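Source file: input.cif (mmCIF, C-alpha atoms and all ligand atoms)
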```cif
data_query
loop_
_atom_site.label_atom_id
_atom_site.label_comp_id
_atom_site.auth_asym_id
_atom_site.auth_seq_id
_atom_site.Cartn_x
_atom_site.Cartn_y
_atom_site.Cartn_z
CA MET A 16 15.07 -24.43 4.66
CA SER A 17 16.72 -21.05 5.37
CA ALA A 18 14.38 -18.10 5.98
CA GLU A 19 14.49 -14.90 3.95
CA ALA A 20 16.15 -11.95 5.72
CA PRO A 21 13.46 -9.24 5.18
CA VAL A 22 16.07 -6.57 4.45
CA TYR A 23 17.09 -8.31 1.21
CA ARG A 24 13.62 -9.08 -0.15
CA ALA A 25 13.19 -5.63 -1.73
CA GLY A 26 16.32 -6.11 -3.85
CA ARG A 27 15.41 -9.50 -5.21
CA ARG A 28 11.84 -8.42 -6.01
CA ARG A 29 12.99 -5.30 -7.85
CA GLY A 30 15.70 -7.18 -9.76
CA ILE A 31 13.25 -9.83 -10.91
CA ASP A 32 10.68 -7.22 -11.95
CA LEU A 33 13.31 -5.44 -14.06
CA LEU A 34 14.22 -8.67 -15.87
CA ARG A 35 10.89 -8.30 -17.73
CA LEU A 36 10.34 -12.07 -17.81
CA ALA A 37 7.43 -13.54 -19.75
CA ALA A 38 5.52 -16.79 -19.49
CA GLY A 39 7.57 -19.61 -20.97
CA ASP A 40 10.95 -17.94 -20.43
CA GLN A 41 13.99 -19.82 -19.18
CA VAL A 42 15.82 -17.95 -16.43
CA MET A 43 19.14 -18.92 -14.91
CA ASP A 44 19.82 -18.10 -11.26
CA ILE A 45 23.57 -18.04 -10.58
CA GLY A 46 24.49 -18.80 -6.95
CA CYS A 47 20.83 -19.69 -6.39
CA GLY A 48 21.39 -20.87 -2.82
CA THR A 49 18.24 -22.37 -1.31
CA GLY A 50 16.08 -20.94 -4.10
CA LEU A 51 14.73 -17.83 -2.42
CA ASN A 52 14.27 -16.26 -5.85
CA PHE A 53 12.29 -19.18 -7.20
CA PRO A 54 8.77 -18.20 -5.99
CA LEU A 55 9.11 -14.74 -7.55
CA LEU A 56 10.54 -16.19 -10.76
CA GLN A 57 7.74 -18.75 -10.97
CA GLU A 58 5.17 -15.94 -10.81
CA LYS A 59 6.71 -14.46 -13.97
CA ILE A 60 7.58 -17.49 -16.09
CA SER A 61 4.53 -19.69 -15.28
CA PRO A 62 4.75 -23.51 -15.38
CA SER A 63 5.67 -23.37 -19.08
CA GLY A 64 8.94 -21.60 -18.24
CA THR A 65 12.10 -23.03 -16.71
CA ILE A 66 14.36 -22.06 -13.82
CA VAL A 67 17.98 -23.19 -14.00
CA GLY A 68 19.61 -22.84 -10.58
CA ILE A 69 23.39 -23.05 -10.38
CA ASP A 70 25.32 -23.24 -7.12
CA ARG A 71 28.62 -24.74 -6.05
CA SER A 72 27.17 -25.93 -2.73
CA ALA A 73 25.50 -29.32 -2.68
CA ALA A 74 23.91 -28.44 0.68
CA MET A 75 22.29 -25.30 -0.76
CA LEU A 76 21.04 -27.20 -3.80
CA LYS A 77 19.53 -29.86 -1.56
CA GLN A 78 17.42 -27.17 0.10
CA ALA A 79 16.53 -25.66 -3.28
CA ARG A 80 15.43 -29.10 -4.48
CA ARG A 81 13.30 -29.58 -1.38
CA ARG A 82 11.70 -26.17 -1.97
CA ALA A 83 10.84 -27.16 -5.55
CA GLU A 84 9.44 -30.52 -4.45
CA ARG A 85 7.33 -29.00 -1.67
CA SER A 86 5.95 -26.43 -4.10
CA GLY A 87 5.23 -29.02 -6.77
CA TRP A 88 7.37 -27.25 -9.37
CA GLN A 89 8.31 -29.54 -12.27
CA ASN A 90 10.24 -26.85 -14.12
CA VAL A 91 13.36 -26.40 -11.96
CA ILE A 92 16.76 -27.67 -13.13
CA LEU A 93 19.53 -27.58 -10.52
CA ILE A 94 23.20 -27.85 -11.44
CA GLU A 95 26.12 -28.08 -9.04
CA ALA A 96 28.92 -25.98 -10.50
CA ASP A 97 31.37 -23.23 -9.60
CA ALA A 98 30.21 -20.19 -11.53
CA THR A 99 33.75 -18.85 -11.82
CA SER A 100 35.28 -21.98 -13.35
CA LEU A 101 32.42 -23.76 -15.12
CA THR A 102 32.59 -24.50 -18.83
CA PRO A 103 29.50 -22.91 -20.45
CA ALA A 104 29.29 -25.60 -23.17
CA GLU A 105 29.25 -28.37 -20.55
CA VAL A 106 26.58 -26.60 -18.50
CA ALA A 107 24.51 -26.11 -21.65
CA VAL A 108 24.69 -29.88 -22.29
CA SER A 109 23.54 -30.57 -18.71
CA ILE A 110 20.62 -28.16 -19.12
CA THR A 111 19.43 -29.71 -22.38
CA ALA A 112 19.83 -33.21 -20.92
CA ALA A 113 17.48 -32.11 -18.15
CA GLY A 114 14.89 -30.84 -20.63
CA GLY A 115 15.86 -27.16 -20.80
CA ARG A 116 17.29 -24.99 -23.56
CA ALA A 117 21.04 -24.45 -23.94
CA LEU A 118 20.75 -20.66 -23.70
CA SER A 119 18.50 -18.80 -21.28
CA ASP A 120 16.27 -15.78 -21.90
CA ALA A 121 17.58 -14.15 -18.72
CA VAL A 122 20.32 -14.65 -16.16
CA LEU A 123 20.24 -13.36 -12.61
CA ALA A 124 22.64 -13.25 -9.66
CA THR A 125 21.31 -11.98 -6.32
CA TYR A 126 23.69 -11.50 -3.41
CA ALA A 127 26.01 -14.05 -4.99
CA LEU A 128 28.70 -12.37 -7.12
CA SER A 129 30.09 -10.46 -4.12
CA LEU A 130 30.91 -13.84 -2.56
CA MET A 131 33.07 -14.79 -5.52
CA PRO A 132 36.57 -13.26 -5.47
CA ASP A 133 36.80 -13.76 -9.24
CA TRP A 134 33.24 -12.55 -9.96
CA GLU A 135 34.28 -11.17 -13.36
CA ARG A 136 34.75 -14.79 -14.52
CA SER A 137 31.21 -15.58 -13.38
CA TRP A 138 29.92 -12.51 -15.17
CA LEU A 139 31.55 -13.74 -18.38
CA ASN A 140 30.09 -17.23 -17.92
CA MET A 141 26.63 -15.82 -17.18
CA ARG A 142 26.63 -13.96 -20.47
CA ARG A 143 27.86 -17.00 -22.42
CA LEU A 144 24.79 -18.91 -21.22
CA LEU A 145 22.43 -16.14 -22.28
CA LYS A 146 20.75 -15.94 -25.66
CA PRO A 147 21.50 -12.84 -27.79
CA GLY A 148 19.31 -9.97 -26.64
CA GLY A 149 18.66 -11.63 -23.28
CA ARG A 150 18.44 -9.75 -19.99
CA THR A 151 21.06 -9.97 -17.23
CA GLY A 152 20.41 -8.86 -13.66
CA VAL A 153 22.77 -8.30 -10.75
CA VAL A 154 21.51 -7.52 -7.26
CA ASP A 155 24.15 -7.01 -4.60
CA MET A 156 25.25 -4.96 -1.60
CA GLN A 157 27.36 -1.92 -0.88
CA ARG A 158 27.95 0.23 2.20
CA PRO A 159 24.78 2.16 3.10
CA VAL A 160 24.92 5.85 2.21
CA GLY A 161 23.45 9.15 3.49
CA ARG A 162 21.40 8.97 6.64
CA TYR A 163 21.51 5.18 6.43
CA SER A 164 25.31 5.18 6.81
CA VAL A 165 24.81 4.69 10.57
CA LEU A 166 23.88 1.14 9.60
CA THR A 167 27.30 0.55 8.02
CA PRO A 168 28.73 -1.51 10.92
CA LEU A 169 25.68 -3.78 10.75
CA ALA A 170 25.99 -4.16 6.98
CA LEU A 171 29.71 -4.90 7.27
CA LEU A 172 29.04 -7.54 9.91
CA ALA A 173 26.30 -9.19 7.82
CA CYS A 174 28.60 -9.30 4.79
CA ARG A 175 31.56 -10.59 6.80
CA LEU A 176 29.44 -13.36 8.32
CA GLY A 177 28.11 -14.29 4.88
CA GLY A 178 31.55 -14.18 3.24
CA ALA A 179 30.66 -11.30 0.91
CA ASP A 180 32.94 -8.46 -0.14
CA ILE A 181 30.80 -5.34 0.39
CA ASP A 182 33.16 -3.33 -1.80
CA ALA A 183 33.06 -5.67 -4.83
CA HIS A 184 30.25 -3.72 -6.60
CA PRO A 185 29.62 -6.38 -9.28
CA TRP A 186 26.64 -4.48 -10.74
CA THR A 187 29.13 -2.10 -12.34
CA ALA A 188 29.69 -4.82 -14.95
CA VAL A 189 26.06 -4.47 -16.08
CA GLU A 190 26.58 -0.73 -16.57
CA ARG A 191 29.82 -1.40 -18.45
CA ASP A 192 28.75 -4.27 -20.71
CA CYS A 193 24.97 -4.03 -21.26
CA ASN A 194 22.51 -1.81 -23.11
CA ASP A 195 19.13 -0.54 -21.96
CA VAL A 196 20.29 -0.65 -18.32
CA ALA A 197 17.69 -0.21 -15.59
CA SER A 198 19.05 0.91 -12.19
CA SER A 199 17.46 0.82 -8.80
CA SER A 200 18.50 0.79 -5.16
CA ALA A 201 16.90 0.03 -1.83
CA ARG A 202 17.61 0.13 1.91
CA GLY A 203 19.48 3.41 1.88
CA GLY A 204 21.57 2.41 -1.10
CA HIS A 205 22.77 -0.76 0.62
CA LEU A 206 21.09 -2.83 -2.10
CA GLN A 207 22.03 -2.07 -5.69
CA ILE A 208 20.08 -3.46 -8.62
CA ARG A 209 21.08 -3.32 -12.28
CA VAL A 210 19.48 -5.11 -15.19
CA GLY A 211 20.52 -4.76 -18.79
CA THR A 212 20.29 -6.31 -22.23
CA THR A 213 23.23 -8.18 -23.71
C1 LIG A 301 24.36 -15.25 0.02
S1 LIG A 301 23.89 -16.67 -0.91
C2 LIG A 301 22.63 -15.97 -1.95
C3 LIG A 301 21.72 -17.01 -2.48
C4 LIG A 301 20.60 -16.52 -3.38
N1 LIG A 301 21.09 -15.98 -4.63
C5 LIG A 301 19.70 -15.51 -2.71
O1 LIG A 301 19.53 -14.41 -3.23
O2 LIG A 301 19.17 -15.84 -1.65
C6 LIG A 301 25.25 -16.88 -2.04
C7 LIG A 301 25.21 -18.22 -2.79
O3 LIG A 301 26.26 -18.20 -3.76
C8 LIG A 301 26.86 -19.48 -3.81
N2 LIG A 301 28.21 -19.34 -4.36
C9 LIG A 301 29.26 -18.69 -3.82
N3 LIG A 301 30.33 -18.77 -4.64
C10 LIG A 301 29.92 -19.49 -5.71
C11 LIG A 301 30.56 -19.91 -6.91
N4 LIG A 301 31.84 -19.61 -7.15
N5 LIG A 301 29.85 -20.62 -7.81
C12 LIG A 301 28.55 -20.93 -7.57
N6 LIG A 301 27.91 -20.57 -6.46
C13 LIG A 301 28.57 -19.86 -5.54
C14 LIG A 301 26.84 -19.95 -2.35
O4 LIG A 301 26.97 -21.34 -2.26
C15 LIG A 301 25.48 -19.44 -1.89
O5 LIG A 301 24.48 -20.38 -2.09
#
```
Written as structure tokens, how would this file's structure read?
Amino acid sequence: MSAEAPVYRAGRRRGIDLLRLAAGDQVMDIGCGTGLNFPLLQEKISPSGTIVGIDRSAAMLKQARRRAERSGWQNVILIEADATSLTPAEVAVSITAAGGRALSDAVLATYALSLMPDWERSWLNMRRLLKPGGRTGVVDMQRPVGRYSVLTPLALLACRLGGADIDAHPWTAVERDCNDVASSSARGGHLQIRVGTT
């Protein structure tokens, strides 16, 4: 199972806090990878809630499944799908077939949209799988600013190695399309967090 890079933990924790999840909520994690968000999400939703993890990589989902099994979580639904090209109605059917609800209370994407050249399509799909009034969170990276800008070469290298576009700035969609937007940043502005209501 892949280890958490400490630099990114602050962003995921803050994003999940701002989602204002409650016990029993269903939260969808787009580009969930190995499930690094899952322990923090579980703390908020309790065993009566549901996590729906979506990723296009079978290898990532295998690790996420192993994480859920090792932790004894019975409330994790994993779906292999490309977030940019999935059909929301089909995904909703898969979720209900697995015991979840068609629409989620919250949708989250951490360090994932910047890997998707057509992330606007994913953003649209995320919102179609969200219930009216639900919360949407985006946590992603940009070039460090201010005194942290000396770390820019490192940040660029990390993004290049991970296949992310550091200049994609997908959180701007939350500012553009949501209400009641909460903003935060960490690591010298390298991590940007936006959560809003749809
Ligand atoms: C850098 S990892 C981040 C994983 C996780 N969200 C986290 O915070 O640790 C990006 C993940 O996005 C997934 N991904 C990239 N493009 C995708 C797409 N078009 N549809 C679904 N998943 C995608 C990758 O397979 C990978 O697991």
Let me have the centre and edge lengths in Å, one decimal, of the box along x, y and z around every listed atom of ligand LIG 301 (chain A) with 4 Å of margin on each side, as JSON.
```
{"center_x": 25.5, "center_y": -17.9, "center_z": -3.9, "size_x": 20.7, "size_y": 14.9, "size_z": 15.8}
```
Could you build a table of the residues in chain A lying no more than 7 Å from ligand LIG 301 (chain A), giving for each the nearest pair of atoms and their separation in Å rounded to one decimal place, using all atoms listed in the file, ordered by chain and ascending residue number, as CSV?
```
residue,atom,partner,partner_atom,distance
A:Arg27,CA,A:LIG301,O1,6.7
A:Ile45,CA,A:LIG301,N6,6.5
A:Gly46,CA,A:LIG301,O3,3.7
A:Cys47,CA,A:LIG301,N1,4.1
A:Gly48,CA,A:LIG301,O5,3.2
A:Thr49,CA,A:LIG301,C3,6.5
A:Gly50,CA,A:LIG301,C4,6.4
A:Leu51,CA,A:LIG301,O2,4.9
A:Asn52,CA,A:LIG301,O1,6.2
A:Ile69,CA,A:LIG301,C12,6.2
A:Asp70,CA,A:LIG301,N6,3.8
A:Arg71,CA,A:LIG301,C12,4.1
A:Ser72,CA,A:LIG301,O4,4.6
A:Met75,CA,A:LIG301,O5,5.5
A:Ala96,CA,A:LIG301,C12,5.9
A:Asp97,CA,A:LIG301,N5,3.5
A:Ala98,CA,A:LIG301,N5,3.8
A:Thr99,CA,A:LIG301,N4,5.1
A:Ala124,CA,A:LIG301,N1,5.9
A:Thr125,CA,A:LIG301,O1,4.3
A:Tyr126,CA,A:LIG301,C2,4.8
A:Ala127,CA,A:LIG301,C6,4.2
A:Leu130,CA,A:LIG301,C9,5.3
A:Met131,CA,A:LIG301,N3,4.9
A:Gly177,CA,A:LIG301,C1,6.2
```
Contact residues around Ile60 in chain A with all atoms listed in the file at 7 Å, ignoring same-chain residues under 4 positions, as a PyMOL selection string: chain A and resi 36-40+56+64
Residues as selected, C-alpha atoms, written as a PDB file, in the coordinates of the input, can you do that?
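Okay, this is what ended up in out.pdb:
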```
ATOM      1  CA  LEU A  36      10.340 -12.070 -17.810  1.00  0.00           C
ATOM      2  CA  ALA A  37       7.430 -13.540 -19.750  1.00  0.00           C
ATOM      3  CA  ALA A  38       5.520 -16.790 -19.490  1.00  0.00           C
ATOM      4  CA  GLY A  39       7.570 -19.610 -20.970  1.00  0.00           C
ATOM      5  CA  ASP A  40      10.950 -17.940 -20.430  1.00  0.00           C
ATOM      6  CA  LEU A  56      10.540 -16.190 -10.760  1.00  0.00           C
ATOM      7  CA  GLY A  64       8.940 -21.600 -18.240  1.00  0.00           C
TER       8      GLY A  64
END
```
Test item: residues at most 9 Å from Asp120 in chain A, all atoms listed in the file, excluding those fewer than 3 positions along its chain, as a VMD selection string: chain A and resid 36 40 to 43 145 to 151
Contacts of Thr187 in chain A within 9 Å, all atoms listed in the file, excl. fewer than 4 positions in-chain, as a VMD selection string: chain A and resid 191 to 192 209
How would the residues just chosen look if you wrote them out with C-alpha atoms as an mmCIF file, in the coordinates of the input?
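New file part.cif:
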```
data_model
loop_
_atom_site.group_PDB
_atom_site.id
_atom_site.type_symbol
_atom_site.label_atom_id
_atom_site.label_comp_id
_atom_site.auth_asym_id
_atom_site.auth_seq_id
_atom_site.Cartn_x
_atom_site.Cartn_y
_atom_site.Cartn_z
ATOM 1 C CA ARG A 191 29.820 -1.400 -18.450
ATOM 2 C CA ASP A 192 28.750 -4.270 -20.710
ATOM 3 C CA ARG A 209 21.080 -3.320 -12.280
#
```
Trp88 in chain A surroundings by all atoms listed in the file, 9 Å radius, close-in-sequence under 5 positions cut, as a PyMOL selection string: chain A and resi 57+62+82-83
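Checking A:Ser109, A:Thr102, A:Ser119, A:Ser137 one by one against Thr65 in chain A, counting all atoms listed in the file, you find the shortest gap at A:Ser119.
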Separation of CA of Gln157 in chain A from CA of Leu176 in chain A in Å: 14.8 Å
Neighbour list for Ala117 in chain A as a ChimeraX atom specification, cut-off 10 Å, all atoms listed in the file, skip fewer than 3 positions in-chain: /A:41,103-112,114,144-146
Atom-to-atom span, CA of Val160 in chain A and CA of Val189 in chain A, Å: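 Those two atoms sit 21.0 Å apart.
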Distance criterion (all atoms listed in the file): nearest to Leu206 in chain A out of A:Leu93, A:Ile181, A:Leu123, A:Ile31: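 Counting all atoms listed in the file, the residue closest to Leu206 in chain A is A:Ile181.
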Point (22.1, 0.9, 5.0), cut-off 9 Å, counting all atoms listed in the file, residues as a count of residues only: 19
Proximity to Trp186 in chain A - best of A:Asp44, A:Leu118, A:Gly30, A:Gln89, only C-alpha atoms: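 Among A:Asp44, A:Leu118, A:Gly30, A:Gln89, it is A:Gly30 that comes nearest to Trp186 in chain A.
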One-decimal distance in Å that lies between CA of Val122 in chain A and CA of Gly152 in chain A: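 Value for the CA of Gly152 in chain A-CA of Val122 in chain A distance: 6.3 Å.
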Using all atoms listed in the file: which of A:Arg175, A:Arg28, A:Arg116, A:His184 has the shortest distance to Phe53 in chain A: A:Arg28
Top pick for closest residue to Asp32 in chain A, considering A:Ala173, A:Ile208, A:Ala74, A:Ile92 and counting all atoms listed in the file: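 That would be A:Ile208, the residue with the smallest distance to Asp32 in chain A.
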